[in-house]
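Listing of my_file_27.txt; format and content: compact mmCIF, C-alpha atoms and all ligand atoms.
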# COMPACT_ATOMS: atom_id res chain seq x y z
CA MET Z 10 0.00 0.00 0.00
CA PRO Z 11 1.42 3.44 -0.86
CA ILE Z 12 2.21 5.82 1.97
CA ASP Z 13 0.24 9.06 1.90
CA ALA Z 14 2.42 10.97 4.35
CA VAL Z 15 5.88 10.45 5.79
CA ILE Z 16 6.55 12.52 8.88
CA ALA Z 17 10.27 13.19 9.38
CA GLY Z 18 10.50 13.49 13.16
CA GLY Z 19 8.56 11.82 15.96
CA GLY Z 20 8.52 14.41 18.71
CA VAL Z 21 5.22 15.85 19.89
CA ILE Z 22 4.88 17.88 16.70
CA GLY Z 23 5.51 14.95 14.37
CA LEU Z 24 3.39 12.54 16.41
CA ALA Z 25 0.51 15.01 16.71
CA VAL Z 26 0.62 15.65 12.95
CA ALA Z 27 0.67 11.88 12.39
CA TRP Z 28 -2.34 11.44 14.66
CA ARG Z 29 -4.41 14.12 12.95
CA CYS Z 30 -3.47 12.81 9.48
CA ALA Z 31 -4.23 9.19 10.38
CA GLU Z 32 -7.55 10.28 11.86
CA ARG Z 33 -8.42 11.79 8.48
CA GLY Z 34 -7.81 8.42 6.86
CA LEU Z 35 -4.28 8.91 5.53
CA ARG Z 36 -1.69 6.14 5.59
CA VAL Z 37 1.11 7.63 7.67
CA THR Z 38 4.70 6.67 8.48
CA VAL Z 39 6.80 8.46 11.09
CA ALA Z 40 10.60 8.22 10.90
CA ASP Z 41 12.62 9.08 13.98
CA PRO Z 42 15.65 7.34 15.52
CA ALA Z 43 14.19 7.83 19.03
CA PRO Z 44 10.56 8.96 18.89
CA GLY Z 45 9.58 11.37 21.65
CA ALA Z 46 13.02 11.26 23.25
CA GLY Z 47 14.31 14.67 22.20
CA ALA Z 48 13.15 18.13 23.25
CA SER Z 49 9.64 16.73 23.80
CA TRP Z 50 11.01 14.59 26.64
CA THR Z 51 13.24 17.27 28.16
CA ALA Z 52 10.52 19.94 28.08
CA ALA Z 53 8.69 21.08 31.18
CA GLY Z 54 5.32 21.22 29.43
CA MET Z 55 4.48 24.84 30.06
CA LEU Z 56 1.47 26.16 28.16
CA ALA Z 57 2.33 29.77 28.77
CA PRO Z 58 1.50 32.32 26.08
CA VAL Z 59 1.49 35.16 28.63
CA THR Z 60 4.55 34.45 30.78
CA GLU Z 61 6.61 33.24 27.79
CA LEU Z 62 5.66 36.39 25.85
CA GLY Z 63 8.56 37.83 23.88
CA TYR Z 64 8.82 40.68 21.40
CA GLU Z 65 7.97 38.66 18.34
CA GLY Z 66 4.78 40.46 17.47
CA ARG Z 67 1.06 40.04 17.46
CA GLU Z 68 0.80 37.16 15.01
CA LEU Z 69 2.86 34.78 17.11
CA LEU Z 70 1.03 35.88 20.25
CA ASP Z 71 -2.31 35.18 18.53
CA LEU Z 72 -1.07 31.74 17.47
CA ASN Z 73 0.10 30.98 21.01
CA LEU Z 74 -3.19 32.18 22.51
CA ALA Z 75 -5.21 30.13 20.03
CA ALA Z 76 -3.05 27.13 20.89
CA ALA Z 77 -3.67 27.61 24.61
CA ARG Z 78 -7.43 27.78 23.99
CA ARG Z 79 -7.24 24.59 21.93
CA TRP Z 80 -5.46 22.64 24.68
CA PRO Z 81 -8.36 21.50 26.91
CA SER Z 82 -10.29 19.89 24.05
CA PHE Z 83 -7.11 18.48 22.51
CA ALA Z 84 -6.10 16.90 25.82
CA ALA Z 85 -9.57 15.44 26.39
CA GLU Z 86 -9.78 14.04 22.87
CA LEU Z 87 -6.27 12.60 22.98
CA GLY Z 88 -6.80 11.12 26.43
CA ASP Z 89 -9.96 9.36 25.22
CA ALA Z 90 -8.39 8.16 21.98
CA ALA Z 91 -5.21 6.94 23.66
CA GLY Z 92 -6.85 5.50 26.75
CA SER Z 93 -4.36 7.32 28.98
CA ALA Z 94 -4.44 10.72 30.64
CA VAL Z 95 -2.38 13.49 29.09
CA GLY Z 96 -1.80 15.32 32.37
CA LEU Z 97 -3.16 18.77 31.54
CA ARG Z 98 -3.09 20.83 34.73
CA GLU Z 99 -4.97 24.14 34.56
CA CYS Z 100 -3.15 25.66 37.48
CA GLY Z 101 -2.06 29.14 36.36
CA THR Z 102 1.42 30.59 36.68
CA VAL Z 103 2.94 32.87 39.28
CA ALA Z 104 5.97 35.00 38.44
CA ALA Z 105 7.70 35.86 41.70
CA ALA Z 106 9.71 39.08 41.96
CA TRP Z 107 13.13 38.66 43.45
CA ASP Z 108 13.66 42.28 44.49
CA ALA Z 109 12.02 45.71 44.19
CA ALA Z 110 13.49 46.36 40.74
CA ASP Z 111 12.20 43.02 39.57
CA LEU Z 112 8.73 43.86 40.92
CA ALA Z 113 8.81 47.18 39.06
CA GLY Z 114 9.62 45.18 35.93
CA LEU Z 115 6.66 42.87 36.57
CA ARG Z 116 4.38 45.92 36.99
CA ASP Z 117 5.53 47.21 33.61
CA LEU Z 118 4.93 43.75 32.20
CA ALA Z 119 1.38 43.71 33.61
CA ALA Z 120 0.71 47.07 31.90
CA PHE Z 121 2.09 45.61 28.66
CA HIS Z 122 -0.14 42.57 29.06
CA ALA Z 123 -3.16 44.83 29.62
CA SER Z 124 -2.33 46.81 26.47
CA LEU Z 125 -2.46 43.52 24.54
CA GLY Z 126 -5.68 42.39 26.21
CA LEU Z 127 -3.90 39.66 28.18
CA ARG Z 128 -4.85 38.57 31.66
CA SER Z 129 -2.30 39.11 34.44
CA GLU Z 130 -2.51 40.54 37.92
CA VAL Z 131 0.15 42.18 40.09
CA LEU Z 132 0.42 40.62 43.56
CA THR Z 133 1.79 42.08 46.78
CA GLY Z 134 4.28 40.05 48.77
CA ARG Z 135 1.51 39.01 51.14
CA GLU Z 136 -0.80 37.96 48.29
CA LEU Z 137 2.02 36.01 46.71
CA ARG Z 138 2.69 34.02 49.85
CA THR Z 139 -1.01 33.51 50.45
CA ILE Z 140 -1.46 31.73 47.14
CA GLU Z 141 1.95 30.02 47.25
CA PRO Z 142 3.02 29.55 50.90
CA ALA Z 143 6.14 27.61 49.89
CA LEU Z 144 7.69 30.71 48.29
CA ALA Z 145 10.55 32.29 50.18
CA ALA Z 146 9.62 34.78 52.86
CA GLY Z 147 10.36 38.37 51.98
CA LEU Z 148 9.77 38.23 48.23
CA PRO Z 149 8.29 41.66 47.45
CA GLY Z 150 5.44 40.55 45.17
CA GLY Z 151 4.73 38.99 41.85
CA LEU Z 152 2.41 38.50 38.95
CA LEU Z 153 -0.37 35.96 38.46
CA ALA Z 154 -1.06 34.75 34.93
CA ALA Z 155 -4.16 32.72 35.67
CA GLY Z 156 -4.46 31.34 32.14
CA ASP Z 157 -0.92 29.95 31.77
CA HIS Z 158 -1.06 26.23 32.47
CA GLN Z 159 1.01 23.07 32.03
CA VAL Z 160 0.83 19.56 30.68
CA ASP Z 161 2.92 16.56 31.61
CA ASN Z 162 4.91 16.41 28.38
CA ARG Z 163 6.01 12.81 28.99
CA SER Z 164 2.43 11.62 29.46
CA LEU Z 165 1.66 13.54 26.30
CA VAL Z 166 4.39 11.69 24.38
CA ARG Z 167 3.10 8.34 25.69
CA ALA Z 168 -0.48 9.18 24.73
CA LEU Z 169 0.52 10.29 21.23
CA ARG Z 170 2.57 7.14 20.72
CA ALA Z 171 -0.36 5.01 21.87
CA VAL Z 172 -2.88 6.74 19.65
CA VAL Z 173 -0.75 6.58 16.50
CA ALA Z 174 -0.12 2.90 17.18
CA ARG Z 175 -3.88 2.34 17.49
CA LEU Z 176 -4.45 4.05 14.17
CA GLY Z 177 -1.86 1.90 12.40
CA VAL Z 178 0.81 4.55 11.90
CA ASP Z 179 4.14 2.90 11.11
CA VAL Z 180 6.90 4.33 13.32
CA ILE Z 181 10.33 3.58 11.86
CA PRO Z 182 13.37 4.05 14.15
CA ALA Z 183 15.49 5.88 11.59
CA ARG Z 184 16.44 9.44 10.66
CA VAL Z 185 15.41 11.01 7.36
CA THR Z 186 18.62 12.17 5.68
CA ARG Z 187 17.35 13.25 2.26
CA ILE Z 188 14.09 14.32 0.64
CA ALA Z 189 13.58 14.63 -3.09
CA GLY Z 190 10.60 15.55 -5.22
CA THR Z 191 9.66 12.94 -7.81
CA ALA Z 192 7.18 12.92 -10.68
CA GLY Z 193 4.54 11.13 -8.62
CA GLY Z 194 5.24 12.59 -5.14
CA THR Z 195 8.27 12.61 -2.89
CA GLU Z 196 10.97 10.18 -1.88
CA VAL Z 197 12.76 10.11 1.45
CA THR Z 198 16.04 8.37 2.21
CA LEU Z 199 16.64 7.07 5.72
CA ASP Z 200 19.97 6.73 7.51
CA THR Z 201 19.50 2.97 7.18
CA GLY Z 202 19.77 3.44 3.41
CA ASP Z 203 16.10 2.53 2.89
CA ARG Z 204 13.94 4.72 0.69
CA LEU Z 205 10.25 5.47 1.04
CA ALA Z 206 7.91 7.00 -1.54
CA ALA Z 207 5.06 9.14 -0.27
CA GLY Z 208 2.47 11.59 -1.50
CA VAL Z 209 3.69 14.19 0.96
CA VAL Z 210 6.54 14.57 3.45
CA VAL Z 211 6.24 16.69 6.57
CA VAL Z 212 9.52 17.90 8.07
CA ALA Z 213 8.97 17.92 11.82
CA ALA Z 214 12.49 17.10 12.95
CA GLY Z 215 12.95 20.02 15.35
CA SER Z 216 16.57 21.17 15.53
CA TRP Z 217 17.59 18.52 13.01
CA SER Z 218 15.23 19.84 10.34
CA GLY Z 219 17.85 21.99 8.64
CA GLY Z 220 20.27 19.10 8.16
CA ILE Z 221 18.11 17.11 5.74
CA ASP Z 222 19.68 17.00 2.28
CA GLY Z 223 17.91 17.68 -0.98
CA LEU Z 224 15.83 20.68 0.11
CA PRO Z 225 16.58 23.93 -1.76
CA ASP Z 226 15.21 25.96 1.19
CA PRO Z 227 16.38 24.09 4.29
CA PRO Z 228 14.54 25.37 7.38
CA PRO Z 229 16.77 27.92 9.19
CA VAL Z 230 16.55 26.11 12.50
CA ARG Z 231 19.35 26.11 15.07
CA PRO Z 232 19.66 24.11 18.30
CA VAL Z 233 19.22 26.09 21.53
CA LYS Z 234 20.28 23.83 24.36
CA GLY Z 235 18.11 23.59 27.44
CA GLN Z 236 18.47 21.56 30.62
CA THR Z 237 15.63 20.56 32.93
CA LEU Z 238 15.81 18.85 36.29
CA ARG Z 239 13.27 16.48 37.72
CA LEU Z 240 12.86 16.59 41.50
CA ARG Z 241 10.34 14.92 43.78
CA ARG Z 242 8.54 15.99 46.96
CA PRO Z 243 5.27 14.86 48.49
CA PRO Z 244 2.48 16.27 46.28
CA GLY Z 245 1.13 19.73 47.05
CA LEU Z 246 4.27 21.80 47.59
CA LEU Z 247 3.20 24.25 44.87
CA GLY Z 248 -0.23 24.95 43.41
CA HIS Z 249 0.93 26.99 40.39
CA VAL Z 250 3.78 26.96 37.97
CA VAL Z 251 6.30 29.27 39.62
CA ARG Z 252 8.78 31.30 37.71
CA GLY Z 253 11.17 34.09 38.48
CA SER Z 254 14.33 35.83 37.56
CA VAL Z 255 16.83 35.48 40.38
CA ARG Z 256 19.58 38.09 40.03
CA GLY Z 257 18.68 38.20 36.36
CA ASN Z 258 18.70 34.39 35.85
CA PRO Z 259 15.38 33.00 34.63
CA VAL Z 260 14.13 29.86 36.34
CA TYR Z 261 10.82 28.03 36.59
CA VAL Z 262 9.37 25.20 38.67
CA VAL Z 263 6.52 23.17 37.21
CA PRO Z 264 4.69 21.09 39.84
CA ARG Z 265 2.92 17.94 38.70
CA THR Z 266 0.03 16.57 40.70
CA ASP Z 267 2.02 13.43 41.63
CA GLY Z 268 4.80 15.40 43.36
CA GLU Z 269 7.24 15.62 40.48
CA LEU Z 270 8.74 19.10 40.10
CA VAL Z 271 10.33 20.07 36.82
CA VAL Z 272 12.91 22.81 37.17
CA GLY Z 273 14.01 24.59 34.05
CA ALA Z 274 15.47 25.72 31.95
CA SER Z 275 18.87 26.82 30.94
CA SER Z 276 19.37 28.30 27.50
CA GLU Z 277 22.65 28.01 25.64
CA GLU Z 278 23.86 28.23 22.06
CA ALA Z 279 25.97 25.08 22.20
CA GLY Z 280 25.21 23.34 18.93
CA PHE Z 281 24.24 19.70 19.32
CA ASP Z 282 26.28 19.18 22.49
CA LEU Z 283 23.71 17.31 24.57
CA ARG Z 284 25.95 16.65 27.56
CA PRO Z 285 24.54 18.09 30.78
CA ARG Z 286 26.65 20.97 32.07
CA ALA Z 287 27.37 21.05 35.80
CA GLY Z 288 27.20 24.84 35.98
CA ALA Z 289 23.72 24.89 34.47
CA VAL Z 290 22.51 22.26 36.96
CA TYR Z 291 24.02 24.27 39.82
CA GLU Z 292 22.42 27.53 38.68
CA LEU Z 293 18.99 25.98 38.21
CA LEU Z 294 19.08 24.38 41.67
CA ARG Z 295 20.45 27.52 43.30
CA ASP Z 296 17.83 29.82 41.75
CA ALA Z 297 14.90 27.44 42.19
CA GLN Z 298 15.78 26.98 45.88
CA THR Z 299 16.07 30.73 46.30
CA LEU Z 300 12.44 31.03 45.27
CA VAL Z 301 11.19 27.81 46.90
CA PRO Z 302 13.53 26.95 49.82
CA GLU Z 303 11.97 23.56 50.50
CA LEU Z 304 13.30 22.28 47.20
CA SER Z 305 16.60 21.67 49.00
CA GLU Z 306 14.87 18.68 50.64
CA ALA Z 307 13.58 17.27 47.35
CA GLU Z 308 14.80 14.02 45.88
CA PHE Z 309 16.99 14.71 42.85
CA VAL Z 310 15.63 12.40 40.18
CA GLU Z 311 17.10 13.41 36.84
CA VAL Z 312 18.78 15.94 34.62
CA SER Z 313 17.67 16.00 31.02
CA THR Z 314 19.13 17.91 28.08
CA GLY Z 315 17.46 18.81 24.81
CA VAL Z 316 17.70 21.32 22.02
CA ARG Z 317 14.93 23.78 21.21
CA PRO Z 318 14.53 24.45 17.49
CA GLY Z 319 15.21 28.19 17.32
CA THR Z 320 14.57 30.27 14.20
CA PRO Z 321 15.74 33.75 13.15
CA ASP Z 322 12.41 35.33 14.18
CA ASN Z 323 11.61 32.87 17.02
CA ALA Z 324 8.48 31.79 15.16
CA PRO Z 325 7.75 28.38 13.63
CA LEU Z 326 7.73 27.39 9.96
CA LEU Z 327 4.30 26.00 9.13
CA GLY Z 328 3.27 25.19 5.60
CA ARG Z 329 4.60 24.50 2.14
CA SER Z 330 8.29 24.39 1.41
CA ALA Z 331 9.84 25.25 -1.95
CA THR Z 332 9.59 21.58 -2.96
CA ASP Z 333 6.20 20.31 -4.13
CA GLY Z 334 4.90 17.71 -1.71
CA VAL Z 335 7.14 18.80 1.18
CA LEU Z 336 5.68 20.68 4.14
CA TYR Z 337 7.42 22.17 7.14
CA ALA Z 338 6.17 21.90 10.73
CA THR Z 339 9.26 22.92 12.63
CA GLY Z 340 11.05 25.74 14.45
CA HIS Z 341 8.70 25.93 17.42
CA TYR Z 342 11.55 27.11 19.66
CA ARG Z 343 10.26 27.48 23.27
CA ASN Z 344 6.64 26.60 22.51
CA GLY Z 345 6.57 23.20 20.84
CA ILE Z 346 4.32 21.60 23.41
CA LEU Z 347 1.93 24.57 23.42
CA LEU Z 348 1.77 24.68 19.62
CA ALA Z 349 1.38 20.95 18.96
CA PRO Z 350 -2.45 20.99 18.68
CA VAL Z 351 -2.71 23.95 16.28
CA THR Z 352 0.25 22.74 14.23
CA ALA Z 353 -1.19 19.26 13.86
CA ASP Z 354 -4.60 20.51 12.77
CA ALA Z 355 -3.14 23.07 10.38
CA ILE Z 356 -0.81 20.59 8.67
CA ALA Z 357 -3.47 17.88 8.43
CA ASP Z 358 -5.91 20.44 6.98
CA LEU Z 359 -3.32 21.63 4.47
CA ILE Z 360 -2.61 18.06 3.35
CA THR Z 361 -6.24 17.05 3.04
CA THR Z 362 -7.80 20.28 1.69
CA GLY Z 363 -4.87 22.06 0.07
CA ARG Z 364 -5.72 25.19 2.06
CA THR Z 365 -3.55 26.80 4.72
CA PRO Z 366 -5.64 27.85 7.73
CA ASP Z 367 -5.58 31.65 8.25
CA LEU Z 368 -4.08 31.30 11.73
CA VAL Z 369 -0.84 29.90 10.36
CA THR Z 370 -0.41 31.89 7.13
CA PRO Z 371 1.99 34.36 8.86
CA PHE Z 372 4.31 31.42 9.49
CA ASP Z 373 4.75 30.49 5.84
CA PRO Z 374 8.27 29.05 5.46
CA ALA Z 375 8.71 31.18 2.33
CA ARG Z 376 9.25 34.26 4.51
CA PHE Z 377 12.87 33.20 4.97
CA GLN Z 378 13.37 32.58 1.28
CA ALA Z 379 12.22 36.12 0.57
CA ARG Z 380 14.82 37.43 3.03
CA THR Z 381 17.56 35.28 1.58
CA GLU Z 382 16.73 36.45 -1.94
CA ALA Z 383 16.63 40.10 -0.83
CA ARG Z 384 20.05 39.70 0.83
CA THR Z 385 21.47 38.00 -2.23
CA GLN Z 386 20.27 40.95 -4.35
CA GLY Z 387 21.70 43.48 -1.90
CA GLY Z 388 18.33 44.44 -0.40
CA PRO Z 389 17.54 45.00 3.29
CA SER Z 390 17.89 41.94 5.49
N1 LIG Z 401 9.11 26.74 27.23
C1 LIG Z 401 10.12 26.79 28.19
C2 LIG Z 401 11.47 26.63 27.69
O1 LIG Z 401 11.72 26.51 26.51
O2 LIG Z 401 12.36 26.64 28.52
How would this structure read if it were set down as structure tokens?
Ligand code: GLY
Amino acid sequence: MPIDAVIAGGGVIGLAVAWRCAERGLRVTVADPAPGAGASWTAAGMLAPVTELGYEGRELLDLNLAAARRWPSFAAELGDAAGSAVGLRECGTVAAAWDAADLAGLRDLAAFHASLGLRSEVLTGRELRTIEPALAAGLPGGLLAAGDHQVDNRSLVRALRAVVARLGVDVIPARVTRIAGTAGGTEVTLDTGDRLAAGVVVVAAGSWSGGIDGLPDPPPVRPVKGQTLRLRRPPGLLGHVVRGSVRGNPVYVVPRTDGELVVGASSEEAGFDLRPRAGAVYELLRDAQTLVPELSEAEFVEVSTGVRPGTPDNAPLLGRSATDGVLYATGHYRNGILLAPVTADAIADLITTGRTPDLVTPFDPARFQARTEARTQGGPS
């Protein structure tokens, strides 16, 4: 039987795309040397369009907000289809100020949020400790983003793997090394030397997306290393995701209902060096304990390292590539877990209807080609 869609990459993006395509009746194959074991496994699972807000502009914010709204139904549907809970926790996020200057910064941020129509609320030190008693005494205040939630990214990976297996998706433990357009569709070459012919190929290989040969417009994705720590305490230490900037160092603590606490995340431009770095572990523990002193008593379970797929404008590439029959669903940078539902629906819609949903048209991969061509011709970059 011919394959309708090969998905190059089996992280949450690739698996979610595979699920939505298989649901629509397509014959799907996913190729990944270690499905779900990359950034999707290292992630903390924050669904945080407000507290992860950067300066990338309205279109990315709208995409992130739409993704956050999509999450409850996505999680319910996936949990039912997979027969296992996805671990969505609608707990809100608290940003704790470390000192008075930090609190002033959070006040400015709250005003910025309000100007964008986003929900956040400045908290006094007393209010902060009332809603999160485990926070250090003496913190001057904070910010509550009541709509920024979390999902257990590892439960999510397990659920996606289960559902694609149920739908008959073939998951091949190999890396796609080359993609070529052919008269009747596309052909992918795997690092095993095998070749697969398919109607369409979706590049969802995260930081590895730019290294696939044969594409005239390789996605401009670079690896941005991040480390997360997994700790354990009896459940209930924290009720919200807690984040802060301790002496200028960002840190967050994501509490699962079962007592696991994910501390993240460092950010380094270190290529594909996936070795954990002692200094990053030290800084994460130091800063997390500064905000939540009781973490010093936690069991240290694990350090995990992954690479976020960063792009020149911090926004994903979603849609057609320059090669007929090749689509990109990559470059999600810090928001791959958040954006999985909207990405999967958009790519499955594009494959089955030929139309790109309005929400994702600003993330057309061709925007980078236009820049490259302008640079080549001496235009503004
Ligand atoms: N989304 C959190 C991070 O990338 O660290």
Please, which residues have at least one atom within 10 Å of an atom of ligand LIG 401 (chain Z), using only C-alpha atoms and all ligand atoms, listed as a short mmCIF file (atom, residue, chain, number, x, y, z; two decimals) with C-alpha atoms, in the coordinates of the input?
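Output below, filename selection_16.cif:
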data_model
loop_
_atom_site.label_atom_id
_atom_site.label_comp_id
_atom_site.auth_asym_id
_atom_site.auth_seq_id
_atom_site.Cartn_x
_atom_site.Cartn_y
_atom_site.Cartn_z
CA ALA Z 48 13.15 18.13 23.25
CA THR Z 51 13.24 17.27 28.16
CA ALA Z 52 10.52 19.94 28.08
CA ALA Z 53 8.69 21.08 31.18
CA GLY Z 54 5.32 21.22 29.43
CA MET Z 55 4.48 24.84 30.06
CA LEU Z 56 1.47 26.16 28.16
CA ALA Z 57 2.33 29.77 28.77
CA PRO Z 58 1.50 32.32 26.08
CA THR Z 60 4.55 34.45 30.78
CA GLU Z 61 6.61 33.24 27.79
CA VAL Z 233 19.22 26.09 21.53
CA LYS Z 234 20.28 23.83 24.36
CA GLY Z 235 18.11 23.59 27.44
CA GLN Z 236 18.47 21.56 30.62
CA THR Z 237 15.63 20.56 32.93
CA PRO Z 259 15.38 33.00 34.63
CA VAL Z 260 14.13 29.86 36.34
CA TYR Z 261 10.82 28.03 36.59
CA VAL Z 272 12.91 22.81 37.17
CA GLY Z 273 14.01 24.59 34.05
CA ALA Z 274 15.47 25.72 31.95
CA SER Z 275 18.87 26.82 30.94
CA SER Z 276 19.37 28.30 27.50
CA GLY Z 315 17.46 18.81 24.81
CA VAL Z 316 17.70 21.32 22.02
CA ARG Z 317 14.93 23.78 21.21
CA PRO Z 318 14.53 24.45 17.49
CA GLY Z 319 15.21 28.19 17.32
CA HIS Z 341 8.70 25.93 17.42
CA TYR Z 342 11.55 27.11 19.66
CA ARG Z 343 10.26 27.48 23.27
CA ASN Z 344 6.64 26.60 22.51
CA GLY Z 345 6.57 23.20 20.84
CA ILE Z 346 4.32 21.60 23.41
CA LEU Z 347 1.93 24.57 23.42
#
Can you tell me which residues surround Asp267 in chain Z at a distance of at most 9 Å, considering only C-alpha atoms, apart from same-chain residues fewer than 5 positions away, and format the answer as a ChimeraX atom specification? /Z:241-245
Calculated over only C-alpha atoms, which of the candidates Z:Gly126, Z:Gly150, Z:Gly223, Z:Pro232 has the smallest distance to Ile188 in chain Z?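 Of all the options, Z:Gly223 lies closest to Ile188 in chain Z.
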Per-residue nearest contacts range 47-106 of chain Z to range 365-373 of chain Z, cut-off 10 Å, using only C-alpha atoms, as a tab-separated table:
residue	atom	partner	partner_atom	distance
Z:Glu68	CA	Z:Pro371	CA	6.9
Z:Leu69	CA	Z:Pro371	CA	8.3
Z:Asp71	CA	Z:Leu368	CA	8.0
Z:Leu72	CA	Z:Leu368	CA	6.5
Z:Ala75	CA	Z:Leu368	CA	8.5
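For the pair CA of Leu97 in chain Z and CA of Val160 in chain Z, the interatomic distance is 4.2 Å.
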So how many Å separate CA of Ala105 in chain Z and CA of Asn258 in chain Z, to one decimal?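 For CA of Ala105 in chain Z relative to CA of Asn258 in chain Z, the distance reads 12.5 Å.
Using all atoms listed in the file, the shortest contact distance between Arg376 in chain Z and any of Z:Leu247, Z:Ala46, Z:Leu240, Z:Ala324 is found at Z:Ala324.
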Name the residues in contact with range 77-85 of chain Z at a cut-off of 12 Å, using only C-alpha atoms, excluding same-chain residues fewer than 6 positions from it; report them as an MDAnalysis selection string. chainID Z and resid 25 28:29 54:59 70:71 91:99 101 156:162 164:166 168:169 344:354
Might you pull out every residue within 9 Å of Leu294 in chain Z, with all atoms listed in the file counted and same-chain residues fewer than 4 positions away left off, and present them as a list in words?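 Residues meeting the cut-off are Leu238, Val272, Ala289, Val290, Gln298, Thr299, Leu304 and Ser305 of chain Z.
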Dump of C-alpha atoms for the selected residues, as a PDB file, keeping the file's coordinate frame:
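Now in again-v5.pdb:
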ATOM      1  CA  LEU Z 238      15.810  18.850  36.290  1.00  0.00           C
ATOM      2  CA  VAL Z 272      12.910  22.810  37.170  1.00  0.00           C
ATOM      3  CA  ALA Z 289      23.720  24.890  34.470  1.00  0.00           C
ATOM      4  CA  VAL Z 290      22.510  22.260  36.960  1.00  0.00           C
ATOM      5  CA  GLN Z 298      15.780  26.980  45.880  1.00  0.00           C
ATOM      6  CA  THR Z 299      16.070  30.730  46.300  1.00  0.00           C
ATOM      7  CA  LEU Z 304      13.300  22.280  47.200  1.00  0.00           C
ATOM      8  CA  SER Z 305      16.600  21.670  49.000  1.00  0.00           C
TER       9      SER Z 305
END
Smallest atom-to-atom distance to Val251 in chain Z: which of Z:Gly88, Z:Leu127, Z:Leu152, Z:Gln378, using all atoms listed in the file? Z:Leu152
Residues within 8 Å of Gly340 in chain Z, please, as JSON, numbers by chain. Count only C-alpha atoms; anything in the same chain fewer than 4 positions from it doesn't count. {"Z": [215, 216, 228, 230, 318, 319, 320, 323, 324, 325, 326]}
Do you know which residues lie at most 12 Å from (1.4, 10.0, 7.8), with coordinates as in the file and only C-alpha atoms counted, and could you write them as a PDB file with C-alpha atoms, keeping the file's coordinate frame?
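Written out: out_3.pdb:
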ATOM      1  CA  PRO Z  11       1.420   3.440  -0.860  1.00  0.00           C
ATOM      2  CA  ILE Z  12       2.210   5.820   1.970  1.00  0.00           C
ATOM      3  CA  ASP Z  13       0.240   9.060   1.900  1.00  0.00           C
ATOM      4  CA  ALA Z  14       2.420  10.970   4.350  1.00  0.00           C
ATOM      5  CA  VAL Z  15       5.880  10.450   5.790  1.00  0.00           C
ATOM      6  CA  ILE Z  16       6.550  12.520   8.880  1.00  0.00           C
ATOM      7  CA  ALA Z  17      10.270  13.190   9.380  1.00  0.00           C
ATOM      8  CA  GLY Z  18      10.500  13.490  13.160  1.00  0.00           C
ATOM      9  CA  GLY Z  19       8.560  11.820  15.960  1.00  0.00           C
ATOM     10  CA  GLY Z  23       5.510  14.950  14.370  1.00  0.00           C
ATOM     11  CA  LEU Z  24       3.390  12.540  16.410  1.00  0.00           C
ATOM     12  CA  ALA Z  25       0.510  15.010  16.710  1.00  0.00           C
ATOM     13  CA  VAL Z  26       0.620  15.650  12.950  1.00  0.00           C
ATOM     14  CA  ALA Z  27       0.670  11.880  12.390  1.00  0.00           C
ATOM     15  CA  TRP Z  28      -2.340  11.440  14.660  1.00  0.00           C
ATOM     16  CA  ARG Z  29      -4.410  14.120  12.950  1.00  0.00           C
ATOM     17  CA  CYS Z  30      -3.470  12.810   9.480  1.00  0.00           C
ATOM     18  CA  ALA Z  31      -4.230   9.190  10.380  1.00  0.00           C
ATOM     19  CA  GLU Z  32      -7.550  10.280  11.860  1.00  0.00           C
ATOM     20  CA  ARG Z  33      -8.420  11.790   8.480  1.00  0.00           C
ATOM     21  CA  GLY Z  34      -7.810   8.420   6.860  1.00  0.00           C
ATOM     22  CA  LEU Z  35      -4.280   8.910   5.530  1.00  0.00           C
ATOM     23  CA  ARG Z  36      -1.690   6.140   5.590  1.00  0.00           C
ATOM     24  CA  VAL Z  37       1.110   7.630   7.670  1.00  0.00           C
ATOM     25  CA  THR Z  38       4.700   6.670   8.480  1.00  0.00           C
ATOM     26  CA  VAL Z  39       6.800   8.460  11.090  1.00  0.00           C
ATOM     27  CA  ALA Z  40      10.600   8.220  10.900  1.00  0.00           C
ATOM     28  CA  VAL Z 173      -0.750   6.580  16.500  1.00  0.00           C
ATOM     29  CA  ALA Z 174      -0.120   2.900  17.180  1.00  0.00           C
ATOM     30  CA  LEU Z 176      -4.450   4.050  14.170  1.00  0.00           C
ATOM     31  CA  GLY Z 177      -1.860   1.900  12.400  1.00  0.00           C
ATOM     32  CA  VAL Z 178       0.810   4.550  11.900  1.00  0.00           C
ATOM     33  CA  ASP Z 179       4.140   2.900  11.110  1.00  0.00           C
ATOM     34  CA  VAL Z 180       6.900   4.330  13.320  1.00  0.00           C
ATOM     35  CA  ILE Z 181      10.330   3.580  11.860  1.00  0.00           C
ATOM     36  CA  ALA Z 206       7.910   7.000  -1.540  1.00  0.00           C
ATOM     37  CA  ALA Z 207       5.060   9.140  -0.270  1.00  0.00           C
ATOM     38  CA  GLY Z 208       2.470  11.590  -1.500  1.00  0.00           C
ATOM     39  CA  VAL Z 209       3.690  14.190   0.960  1.00  0.00           C
ATOM     40  CA  VAL Z 210       6.540  14.570   3.450  1.00  0.00           C
ATOM     41  CA  VAL Z 211       6.240  16.690   6.570  1.00  0.00           C
ATOM     42  CA  VAL Z 212       9.520  17.900   8.070  1.00  0.00           C
ATOM     43  CA  ALA Z 213       8.970  17.920  11.820  1.00  0.00           C
ATOM     44  CA  ALA Z 353      -1.190  19.260  13.860  1.00  0.00           C
ATOM     45  CA  ILE Z 356      -0.810  20.590   8.670  1.00  0.00           C
ATOM     46  CA  ALA Z 357      -3.470  17.880   8.430  1.00  0.00           C
ATOM     47  CA  ILE Z 360      -2.610  18.060   3.350  1.00  0.00           C
ATOM     48  CA  THR Z 361      -6.240  17.050   3.040  1.00  0.00           C
TER      49      THR Z 361
END
